[in-house]
Amino acid sequence: MLNFFKGYKVFAIIFGVISVIIIALIYNTINVYQPLDIYRPANVDPSLVDSTIQHVKKYHKIADFSLINQNGKTITQNDYKNKIYVADFFFTTCPTICPIMTKNMVNIQKEIINDDEVMLLSHSVTPEIDTVAQLKRYAIEKGVIDSKWNLVTGDKKEIYKLARKSYLAVKDDGDGGPFDMVHTENFMLIDKKRQIRGFYDGTNPEDIEKLLNDISHLKKEYRQ
């Protein structure tokens, strides 16, 4: 009888060890890191994409750019090199969705203020109105921190091309005029390779929370 219990004890120990290993393997399988999607022109709403690139299924990234920020400084892709950033399109005199979008960008700024990996970039869709002086006034009013967030203006043709061919973020105005845009509420999450990793409703608090979570998730990708 004693030998029986000794044998059972050994069996129980072995079974317990095997069970722990199996549970650990299942846990690791279920919780394996899943990277964020990479968005291409072919899998984005066609109304937001220039017709010349709607077929592109891979190798899409944000094009080089040269724009002027609220301090009169030239901002290029090099200012965002090896950075994760959130981009949007707005204009300072917008009375509808822009104030909400800007407020949510300010909230994002608060969350990333001490994070050297993450920045913000807002493009004016009315650069003829949003001069450097106008952007500076707006930046001061909204609490923009220069080291974290650039509000940029510049050539409207360049901004339009960035919006439609790079960020896949705005609509045509529909009247056939060249380089006229209907900006959307979209916030775009851009990775260190200048790829789009997410689209979010910049007026929706739940989407802002998801965006912040996705930033944290994306940062894990660089630690793998």
# chains A, B, ... in the order shown; residues from 1 in each chain; ligands from 1
>>> closest_atom_pairs(of="stretch 141-212 of chain A", to="stretch 45-61 of chain A", cutoff="6 Å", atoms="only C-alpha atoms", output="JSON lines")
{"residue": "A:Arg164", "atom": "CA", "partner": "A:Val49", "partner_atom": "CA", "distance": 5.1}
{"residue": "A:Lys165", "atom": "CA", "partner": "A:Asp50", "partner_atom": "CA", "distance": 5.7}
{"residue": "A:Leu168", "atom": "CA", "partner": "A:Val49", "partner_atom": "CA", "distance": 5.0}
{"residue": "A:Ala169", "atom": "CA", "partner": "A:Leu48", "partner_atom": "CA", "distance": 5.4}
{"residue": "A:Val170", "atom": "CA", "partner": "A:Leu48", "partner_atom": "CA", "distance": 5.1}
{"residue": "A:Lys171", "atom": "CA", "partner": "A:Leu48", "partner_atom": "CA", "distance": 5.0}
{"residue": "A:Arg194", "atom": "CA", "partner": "A:Lys61", "partner_atom": "CA", "distance": 5.2}
{"residue": "A:Gln195", "atom": "CA", "partner": "A:Lys61", "partner_atom": "CA", "distance": 4.7}
>>> atom_distance(atom1="atom CA of A:Lys142", atom2="atom CA of A:Val86")
17.0 Å
>>> residues_around(residues="A:Pro127", least_positions_apart="4", cutoff="7 Å", atoms="only C-alpha atoms", output="list in words")
Thr131, Thr153, Gly154 and Lys156 of chain A
>>> write_last_selection(atoms="N, CA, C and O atoms", output="compact mmCIF listing (two decimals), in the first residue's frame")
# COMPACT_ATOMS: atom_id res chain seq x y z
N THR A 131 -0.77 81.16 -42.24
CA THR A 131 0.62 81.63 -42.32
C THR A 131 1.37 81.19 -41.06
O THR A 131 0.77 80.70 -40.10
N THR A 153 2.62 74.52 -42.54
CA THR A 153 2.01 75.14 -43.71
C THR A 153 3.01 75.05 -44.85
O THR A 153 4.13 74.56 -44.68
N GLY A 154 2.62 75.52 -46.03
CA GLY A 154 3.53 75.45 -47.17
C GLY A 154 2.79 75.46 -48.48
O GLY A 154 1.68 75.99 -48.58
N LYS A 156 0.43 74.44 -51.24
CA LYS A 156 -0.82 73.67 -51.16
C LYS A 156 -0.77 72.40 -52.01
O LYS A 156 -1.32 71.37 -51.63
>>> residues_around(residues="A:Glu141", least_positions_apart="4", cutoff="12 Å", atoms="only C-alpha atoms", output="PyMOL selection string")
chain A and resi 92+99+102-103+106+134-137+145
>>> select_by_dssp(residues="chain A", states="alpha helix (DSSP H)", output="ChimeraX atom specification")
/A:2-30,98-112,132-142,156-161,205-221
>>> residues_around(residues="A:Asn213", least_positions_apart="5", cutoff="12 Å", atoms="only C-alpha atoms", output="PyMOL selection string")
chain A and resi 36+108+111-112+189+198+200+206-208+218-220
>>> closest_residue(among="A:Ser216, A:Thr96, A:Gln77, A:Ser66", to="A:Glu117", atoms="only C-alpha atoms")
A:Ser216
>>> closest_residue(among="A:Thr203, A:Thr126, A:Thr93, A:Asn104", to="A:Asp155", atoms="only C-alpha atoms")
A:Thr126
>>> atom_distance(atom1="atom CA of A:Asp172", atom2="atom CA of A:Leu151")
21.8 Å
>>> atom_distance(atom1="atom CA of A:Leu212", atom2="atom CA of A:Leu121")
15.4 Å
>>> residues_around(residues="A:Tyr222", least_positions_apart="3", cutoff="12 Å", atoms="only C-alpha atoms", output="list in words")
Tyr33, Pro35, Asn82, Lys83, Ile84, Glu117, Asp191, Lys192, Lys193, Ile215, Ser216, His217, Leu218 and Lys219 of chain A
>>> closest_residue(among="A:Val32, A:Met188, A:Ala133, A:Ala163", to="A:Ala63", atoms="only C-alpha atoms")
A:Ala163
